[in-house]
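**Student:** Please find input.csv (CSV, C-alpha atoms) on the next line:
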```csv
chain,number,residue,atom,x,y,z
A,888,MET,CA,25.8,33.8,-52.1
A,889,ALA,CA,29.0,35.7,-51.9
A,890,ASN,CA,32.2,33.6,-51.6
A,891,GLN,CA,33.6,33.5,-48.1
A,892,PRO,CA,37.2,34.7,-47.9
A,893,LYS,CA,39.7,31.9,-47.5
A,894,LEU,CA,41.3,31.7,-44.1
A,895,THR,CA,45.0,31.7,-43.8
A,896,ARG,CA,46.7,28.8,-42.0
A,897,ASP,CA,47.1,30.9,-38.9
A,898,GLN,CA,43.5,31.9,-38.9
A,899,GLN,CA,42.5,28.2,-39.3
A,900,ARG,CA,44.7,27.2,-36.4
A,901,GLU,CA,43.1,30.0,-34.2
A,902,ALA,CA,39.6,28.9,-35.3
A,903,ALA,CA,40.4,25.3,-34.4
A,904,ARG,CA,41.8,26.4,-31.0
A,905,ALA,CA,38.6,28.5,-30.4
A,906,LYS,CA,36.4,25.6,-31.3
A,907,ALA,CA,38.4,23.3,-29.0
A,908,ARG,CA,38.2,25.8,-26.2
A,909,GLU,CA,34.4,26.1,-26.7
A,910,LEU,CA,34.0,22.3,-26.7
A,911,ARG,CA,36.2,22.0,-23.6
A,912,GLU,CA,34.2,24.7,-21.7
A,913,LYS,CA,30.9,23.0,-22.7
A,914,HIS,CA,32.3,19.6,-21.5
A,915,GLN,CA,33.5,21.2,-18.2
A,916,ALA,CA,30.1,22.8,-17.7
A,917,ASN,CA,28.3,19.5,-18.4
A,918,GLU,CA,30.6,17.7,-15.9
A,919,LYS,CA,29.8,20.3,-13.3
A,920,ARG,CA,26.1,19.9,-13.9
A,921,LYS,CA,26.5,16.1,-13.7
A,922,LYS,CA,28.5,16.4,-10.5
A,923,LEU,CA,25.9,18.7,-8.9
A,924,THR,CA,23.1,16.4,-10.0
A,925,ILE,CA,24.8,13.4,-8.4
A,926,GLN,CA,25.5,15.4,-5.2
A,927,VAL,CA,21.9,16.5,-5.0
A,928,SER,CA,20.7,13.0,-5.7
A,929,VAL,CA,22.9,11.6,-3.0
A,930,VAL,CA,21.7,14.2,-0.5
A,931,ALA,CA,18.1,13.5,-1.4
A,932,ALA,CA,18.7,9.7,-1.0
A,933,ILE,CA,20.3,10.3,2.4
A,934,LEU,CA,17.5,12.5,3.5
A,935,ALA,CA,15.0,9.9,2.3
A,936,VAL,CA,16.7,7.2,4.3
A,937,VAL,CA,16.9,9.4,7.4
A,938,ALA,CA,13.2,10.2,7.0
A,939,ILE,CA,12.4,6.5,6.8
A,940,ILE,CA,14.4,5.8,9.9
A,941,VAL,CA,12.8,8.7,11.8
A,942,VAL,CA,9.3,7.5,10.8
A,943,SER,CA,10.2,4.0,11.8
A,944,ILE,CA,11.5,5.2,15.2
A,945,VAL,CA,8.5,7.4,15.8
A,946,SER,CA,5.9,4.8,14.7
A,947,SER,CA,7.6,1.6,15.8
A,948,PRO,CA,6.9,0.9,19.5
A,949,SER,CA,10.1,0.7,21.5
A,950,THR,CA,10.2,-2.5,23.5
A,951,GLN,CA,13.2,-1.5,25.6
A,952,GLY,CA,11.3,-0.4,28.7
A,953,GLY,CA,10.5,-3.8,29.9
A,954,GLU,CA,8.1,-2.9,32.6
A,955,VAL,CA,5.7,-5.5,33.9
A,956,PRO,CA,2.1,-4.6,34.9
A,957,LYS,CA,1.9,-5.0,38.7
A,958,ASN,CA,-1.5,-3.6,39.7
A,959,VAL,CA,-3.8,-5.7,37.6
A,960,ALA,CA,-2.2,-8.5,35.6
A,961,VAL,CA,-1.1,-10.5,38.5
A,962,PHE,CA,-4.7,-11.4,39.3
A,963,SER,CA,-5.5,-12.9,35.9
A,964,LYS,CA,-2.2,-14.4,34.6
A,965,GLY,CA,-1.5,-11.5,32.4
A,966,GLY,CA,-5.0,-10.1,31.8
A,967,ILE,CA,-7.3,-7.5,33.3
A,968,LYS,CA,-10.1,-8.9,35.4
A,969,ILE,CA,-13.3,-7.0,35.9
A,970,GLY,CA,-15.9,-7.7,38.6
A,971,ALA,CA,-19.1,-6.3,40.1
A,972,ASP,CA,-19.9,-2.7,39.2
A,973,LEU,CA,-17.4,-3.0,36.4
A,974,LYS,CA,-14.5,-2.5,38.9
A,975,ALA,CA,-11.2,-4.1,38.3
A,976,PHE,CA,-9.4,-6.6,40.5
A,977,THR,CA,-6.2,-5.0,41.8
A,978,LYS,CA,-3.8,-5.3,44.7
A,979,THR,CA,-6.2,-3.5,47.0
A,980,THR,CA,-9.7,-4.2,45.5
A,981,SER,CA,-11.5,-7.5,45.0
A,982,PRO,CA,-15.0,-6.7,43.5
A,983,THR,CA,-16.4,-10.2,44.3
A,984,ALA,CA,-19.5,-11.0,42.4
A,985,THR,CA,-22.7,-10.7,44.4
A,986,PRO,CA,-25.4,-11.5,41.9
A,987,THR,CA,-29.0,-10.2,42.4
A,988,ALA,CA,-32.1,-12.2,41.8
A,989,SER,CA,-32.6,-10.3,38.4
A,990,ALA,CA,-29.1,-10.9,37.2
A,991,THR,CA,-28.7,-13.0,34.1
A,992,PRO,CA,-27.3,-15.7,34.1
A,993,SER,CA,-28.5,-16.6,37.5
A,994,ALA,CA,-25.7,-17.7,39.8
A,995,THR,CA,-24.5,-17.9,43.4
A,996,PRO,CA,-21.1,-16.3,44.3
A,997,ALA,CA,-19.4,-19.8,44.2
A,998,ALA,CA,-20.7,-20.5,40.7
A,999,VAL,CA,-20.2,-17.2,39.0
A,1000,PRO,CA,-18.7,-17.9,35.6
A,1001,ASN,CA,-15.5,-16.3,34.6
A,1002,ILE,CA,-15.2,-15.2,31.0
A,1003,LYS,CA,-11.7,-14.9,29.5
A,1004,ILE,CA,-11.1,-13.1,26.2
A,1005,TYR,CA,-7.8,-13.2,24.4
A,1006,LEU,CA,-7.8,-10.4,21.9
A,1007,ASP,CA,-5.9,-8.1,19.5
A,1008,TYR,CA,-7.2,-4.5,19.1
A,1009,GLN,CA,-6.5,-4.7,15.4
A,1010,CYS,CA,-8.5,-7.9,15.0
A,1011,PRO,CA,-11.7,-7.3,13.1
A,1012,PHE,CA,-13.2,-10.6,14.4
A,1013,CYS,CA,-12.5,-9.5,17.9
A,1014,GLN,CA,-14.4,-6.2,17.2
A,1015,GLU,CA,-17.3,-8.2,15.8
A,1016,PHE,CA,-17.5,-10.4,18.9
A,1017,GLU,CA,-17.2,-7.3,21.1
A,1018,ALA,CA,-20.0,-5.5,19.2
A,1019,ALA,CA,-22.3,-8.5,19.4
A,1020,ASN,CA,-21.7,-9.4,23.1
A,1021,THR,CA,-20.5,-6.5,25.0
A,1022,THR,CA,-23.9,-5.3,26.2
A,1023,GLN,CA,-24.8,-8.6,27.8
A,1024,ILE,CA,-21.3,-9.1,29.2
A,1025,GLN,CA,-21.5,-5.6,30.8
A,1026,ASN,CA,-24.9,-6.5,32.2
A,1027,TRP,CA,-23.7,-9.8,33.7
A,1028,VAL,CA,-20.5,-8.3,35.2
A,1029,SER,CA,-21.9,-5.1,36.5
A,1030,LYS,CA,-24.7,-7.0,38.4
A,1031,GLY,CA,-22.2,-9.6,39.7
A,1032,ALA,CA,-23.5,-12.5,37.6
A,1033,ALA,CA,-20.1,-13.1,36.0
A,1034,THR,CA,-16.6,-11.8,35.9
A,1035,VAL,CA,-14.6,-11.1,32.7
A,1036,GLU,CA,-10.9,-11.1,31.9
A,1037,PHE,CA,-9.4,-9.2,29.0
A,1038,HIS,CA,-6.0,-10.4,27.7
A,1039,PRO,CA,-4.7,-8.0,25.1
A,1040,ILE,CA,-1.9,-9.3,22.9
A,1041,SER,CA,-0.3,-8.0,19.8
A,1042,PHE,CA,0.5,-10.0,16.7
A,1043,LEU,CA,-1.2,-7.9,14.0
A,1044,ASP,CA,1.2,-4.9,13.8
A,1045,GLY,CA,1.7,-5.7,10.2
A,1046,ASN,CA,-1.9,-4.9,9.5
A,1047,SER,CA,-1.5,-1.2,10.2
A,1048,PHE,CA,1.0,1.4,9.1
A,1049,ASN,CA,2.0,2.5,12.7
A,1050,HIS,CA,2.0,-0.7,14.8
A,1051,TYR,CA,-1.4,0.0,16.2
A,1052,SER,CA,-1.8,-3.5,17.6
A,1053,SER,CA,1.0,-3.3,20.1
A,1054,ARG,CA,0.5,0.4,20.9
A,1055,ALA,CA,-3.2,-0.1,21.7
A,1056,ALA,CA,-2.4,-3.2,23.9
A,1057,ASN,CA,0.2,-1.1,25.7
A,1058,ALA,CA,-2.3,1.8,26.1
A,1059,ALA,CA,-4.9,-0.7,27.5
A,1060,TYR,CA,-2.5,-1.8,30.2
A,1061,CYS,CA,-1.5,1.8,30.9
A,1062,VAL,CA,-5.2,2.5,31.7
A,1063,ALA,CA,-5.6,-0.7,33.6
A,1064,GLU,CA,-2.6,0.0,35.8
A,1065,ASN,CA,-3.3,3.7,36.5
A,1066,SER,CA,-7.1,3.9,36.4
A,1067,PRO,CA,-8.3,0.3,36.5
A,1068,ASP,CA,-12.0,1.1,37.0
A,1069,ALA,CA,-12.0,3.0,33.6
A,1070,PHE,CA,-10.7,0.0,31.7
A,1071,PHE,CA,-14.0,-1.7,30.7
A,1072,ASN,CA,-15.1,1.5,28.9
A,1073,TYR,CA,-11.6,2.1,27.5
A,1074,ASN,CA,-11.6,-1.4,26.0
A,1075,SER,CA,-14.9,-0.7,24.3
A,1076,LEU,CA,-13.7,2.7,22.9
A,1077,LEU,CA,-10.6,1.1,21.5
A,1078,TYR,CA,-12.8,-1.3,19.5
A,1079,ALA,CA,-15.1,1.5,18.4
A,1080,ASN,CA,-12.0,3.4,17.0
A,1081,GLN,CA,-10.4,0.3,15.4
A,1082,PRO,CA,-8.7,1.3,12.2
A,1083,ALA,CA,-9.2,-0.5,8.9
A,1084,GLU,CA,-6.6,-3.1,8.1
A,1085,GLY,CA,-3.8,-1.6,6.0
A,1086,SER,CA,-4.3,1.9,7.3
A,1087,ALA,CA,-2.7,4.0,10.0
A,1088,GLY,CA,-4.3,3.5,13.4
A,1089,PRO,CA,-4.8,6.3,16.0
A,1090,ASP,CA,-1.6,7.8,17.2
A,1091,ASN,CA,-0.4,7.9,20.8
A,1092,ASN,CA,-2.1,11.2,21.5
A,1093,ALA,CA,-5.4,9.8,20.3
A,1094,LEU,CA,-5.0,6.8,22.5
A,1095,TYR,CA,-4.4,9.1,25.4
A,1096,GLN,CA,-7.4,11.2,24.5
A,1097,ASP,CA,-9.5,8.1,24.6
A,1098,ALA,CA,-8.5,7.7,28.2
A,1099,VAL,CA,-9.6,11.3,28.9
A,1100,ASN,CA,-12.9,10.6,27.2
A,1101,VAL,CA,-13.7,7.6,29.4
A,1102,GLY,CA,-13.0,9.6,32.6
A,1103,ALA,CA,-9.7,7.9,33.5
A,1104,THR,CA,-7.7,9.2,36.4
A,1105,ASN,CA,-3.9,9.6,36.9
A,1106,LEU,CA,-3.8,11.0,33.4
A,1107,PRO,CA,-0.2,12.3,33.5
A,1108,ASN,CA,1.0,8.7,34.3
A,1109,ILE,CA,-1.2,7.3,31.6
A,1110,GLN,CA,0.1,9.7,29.0
A,1111,LYS,CA,3.7,9.0,30.0
A,1112,CYS,CA,3.1,5.2,29.9
A,1113,ILE,CA,1.5,5.4,26.4
A,1114,ASN,CA,4.3,7.6,25.0
A,1115,SER,CA,7.1,5.5,26.4
A,1116,ASN,CA,5.4,2.2,25.5
A,1117,SER,CA,6.1,1.1,29.1
A,1118,TYR,CA,4.8,-2.5,28.7
A,1119,GLY,CA,5.9,-3.0,25.1
A,1120,LYS,CA,8.5,-5.6,25.8
A,1121,TRP,CA,6.3,-7.5,28.2
A,1122,ILE,CA,3.4,-7.5,25.7
A,1123,ALA,CA,5.7,-8.7,23.0
A,1124,ASP,CA,7.1,-11.5,25.2
A,1125,THR,CA,3.7,-12.5,26.3
A,1126,THR,CA,2.4,-12.6,22.7
A,1127,THR,CA,5.4,-14.7,21.6
A,1128,SER,CA,4.8,-17.1,24.5
A,1129,LEU,CA,1.1,-17.5,23.7
A,1130,THR,CA,1.5,-17.9,20.0
A,1131,SER,CA,4.6,-20.2,19.9
A,1132,PRO,CA,4.0,-23.8,18.8
A,1133,GLY,CA,3.2,-26.1,21.7
A,1134,LYS,CA,2.7,-23.3,24.2
A,1135,LEU,CA,-0.4,-23.5,26.4
A,1136,ILE,CA,-2.7,-20.8,27.7
A,1137,PRO,CA,-2.0,-20.5,31.5
A,1138,GLU,CA,-4.2,-22.7,33.7
A,1139,THR,CA,-5.4,-24.7,30.7
A,1140,LYS,CA,-4.3,-27.4,28.3
A,1141,LEU,CA,-5.4,-25.3,25.4
A,1142,GLN,CA,-3.4,-23.6,22.7
A,1143,LEU,CA,-4.2,-20.1,21.4
A,1144,THR,CA,-5.5,-20.7,17.9
A,1145,GLY,CA,-6.5,-17.2,17.0
A,1146,THR,CA,-8.4,-14.2,18.3
A,1147,PRO,CA,-10.8,-13.7,19.7
A,1148,PHE,CA,-10.2,-16.8,21.9
A,1149,VAL,CA,-13.0,-17.0,24.4
A,1150,MET,CA,-13.3,-19.3,27.4
A,1151,VAL,CA,-15.7,-19.6,30.3
A,1152,ASN,CA,-14.2,-21.2,33.4
A,1153,ASN,CA,-11.3,-22.2,31.1
A,1154,GLN,CA,-13.5,-24.1,28.7
A,1155,PRO,CA,-13.3,-22.8,25.1
A,1156,TYR,CA,-16.3,-21.3,23.4
A,1157,THR,CA,-16.4,-23.1,20.1
A,1158,TYR,CA,-18.4,-22.3,16.9
A,1159,ALA,CA,-18.6,-23.5,13.4
A,1160,SER,CA,-18.9,-20.0,11.7
A,1161,ASN,CA,-18.5,-16.3,12.3
A,1162,ALA,CA,-22.3,-16.1,12.7
A,1163,GLU,CA,-22.3,-18.6,15.5
A,1164,ARG,CA,-19.3,-16.9,17.2
A,1165,ASN,CA,-21.1,-13.5,17.2
A,1166,ASP,CA,-24.6,-14.8,18.1
A,1167,PRO,CA,-25.4,-13.3,21.5
A,1168,ALA,CA,-28.1,-15.8,22.3
A,1169,ARG,CA,-25.7,-18.7,21.6
A,1170,PHE,CA,-23.0,-17.2,23.8
A,1171,ASN,CA,-25.6,-16.5,26.5
A,1172,GLN,CA,-26.6,-20.2,26.5
A,1173,PHE,CA,-22.9,-21.2,26.8
A,1174,VAL,CA,-22.3,-18.9,29.8
A,1175,GLN,CA,-25.5,-20.0,31.5
A,1176,SER,CA,-24.4,-23.6,31.3
A,1177,PHE,CA,-21.6,-22.7,33.7
A,1178,SER,CA,-23.7,-20.7,36.1
A,1179,ALA,CA,-26.0,-23.7,36.5
A,1180,GLN,CA,-23.1,-26.0,37.6
```
Re-express the file's structure as structure tokens.
**Tutor:**
Amino acid sequence: MANQPKLTRDQQREAARAKARELREKHQANEKRKKLTIQVSVVAAILAVVAIIVVSIVSSPSTQGGEVPKNVAVFSKGGIKIGADLKAFTKTTSPTATPTASATPSATPAAVPNIKIYLDYQCPFCQEFEAANTTQIQNWVSKGAATVEFHPISFLDGNSFNHYSSRAANAAYCVAENSPDAFFNYNSLLYANQPAEGSAGPDNNALYQDAVNVGATNLPNIQKCINSNSYGKWIADTTTSLTSPGKLIPETKLQLTGTPFVMVNNQPYTYASNAERNDPARFNQFVQSFSAQ
């Protein structure tokens, strides 16, 4: 290899300056890249937080409306009472039971049993009881052999990604208030569409579409009620009242121990297992014991 010419002192100083300049420029470029990376990361983090807030606002039910159901709930201490021909008790209608000779259980109007069901639309046990007993309950009520009250509450919002429990309860009351005679079928459809625990439940548009599918009337009012979560605060307050330690179910000396909580004439339907709870023959026998009184 040929010998490299020896640099003069001036050339060495100039080479050192050039090297220093090169290193300085590289450092500045690196600092710019770091600064840009930090800025991008900060923006991304801010956008992520904003996205979380937006999702939370969209999916979390607002409870600021504070409306109280007026058309239906007053007749059943916060529930929705259904009578003969599956029509709801309202301010202007009272579908008093008029049992026929073929109705089961047999009853006279004075002895018609009243079934109360405290429920959460996210509750899988409630769905199981509904699936096992809804046909005979529908038969009794439609023929005037019994009445049934549904009391939707919401304490299982944490079991879905989008607060399905409280939104479904609100939608149920929206239908009950604006198209009460469609409620029985709407209640059944909510159970049929119950989401799996830990998943996202049907959105508000789907809850509205269910109302359309069961033939509800006053659809614009129902849609507005669902989207604005009109009864959210009332449902939350009712749920808190019913589930607080020492609180009693209205008109009883009983505490709500879970859902479904089923009573007939304010007497609890008790069972030792899920199988007993969901046994239609067993529940039929329990209801008939009141119609014979």
**Student:** Hey, what's within 9 Å of Ser1053 in chain A if we count all atoms listed in the file and toss same-chain stuff fewer than 5 positions away? As an MDAnalysis selection string, please?
**Tutor:** chainID A and resid 948 1007:1009 1039:1044 1058 1116 1119 1122:1123
**Student:** How many Å separate CA of Tyr1005 in chain A from CA of Thr977 in chain A?
**Tutor:**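 Separation of CA of Tyr1005 in chain A and CA of Thr977 in chain A: 19.3 Å.
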**Student:** With distances taken over all atoms listed in the file, which residue among A:Asn1171, A:Ser1086, A:Gln1096, A:Asn1153 lies nearest Glu1138 in chain A?
**Tutor:**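 Looking only at the distances to Glu1138 in chain A, the closest residue turns out to be A:Asn1153.
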**Student:** Between A:Ile1002, A:Ala1019, A:Ala975, A:Ile1024, which has the minimum distance to Ala1162 in chain A (counting all atoms listed in the file)?
**Tutor:** A:Ala1019
**Student:** Quick one: distance from CA of Pro956 in chain A to CA of Ala1063 in chain A in Å, one decimal?
**Tutor:**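 A separation of 8.7 Å between them.
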**Student:** If I take CA of Met1150 in chain A and CA of Pro1000 in chain A, how far is one from the other in Å, to one decimal?
**Tutor:** 9.9 Å
**Student:** May I ask which of the residues A:Ile1113, A:Val1099, A:Ala1018, A:Leu973 is the closest one to Ser1075 in chain A, counting all atoms listed in the file?
**Tutor:** A:Ala1018
**Student:** Could you check the closest approach to Asn958 in chain A for each of A:Thr1139, A:Asn1105, A:Ser1066, A:Asn1072 and tell me which residue wins, using all atoms listed in the file?
**Tutor:**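 Looking at the shortest contact to Asn958 in chain A, the residue is A:Ser1066.
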**Student:** Which residues come within 12 Å of Val1174 in chain A, counting only C-alpha atoms, excluding same-chain residues fewer than 5 positions away, as a ChimeraX atom specification?
**Tutor:** /A:991-994,998-1003,1020,1023-1024,1027,1032-1035,1149-1156,1167-1169,1179-1180
**Student:** Go through A:Gly1045, A:Pro1067, A:Gly1145, A:Gly966 one by one, measure the shortest atom-to-atom distance of each to Gly1102 in chain A using only C-alpha atoms, and give the residue with the smallest value.
**Tutor:** A:Pro1067
**Student:** For Asp972 in chain A, find every residue with an atom within 12 Å (counting all atoms listed in the file), except residues of its own chain fewer than 5 positions away, and show them as a ChimeraX atom specification.
**Tutor:** /A:981-986,1024-1035,1068-1069,1071
**Student:** Extract, using all atoms listed in the file, all DNA, RNA and protein residues at most 10 Å from Asn1080 in chain A, discarding same-chain residues fewer than 2 positions from it, and format them as a list in words.
**Tutor:**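 Final neighbour list, sorted by chain and number: Tyr1008, Gln1009, Gln1014, Ser1075, Leu1076, Leu1077, Tyr1078, Pro1082, Ala1083, Gly1088, Pro1089, Ala1093, Leu1094 and Asp1097 of chain A.
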**Student:** Pick the closest to Gln1110 in chain A from A:Cys1010, A:Leu1143, A:Ala1079, A:Val1062: which is it, counting all atoms listed in the file?
**Tutor:**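 Among the listed residues, A:Val1062 lies closest to Gln1110 in chain A.
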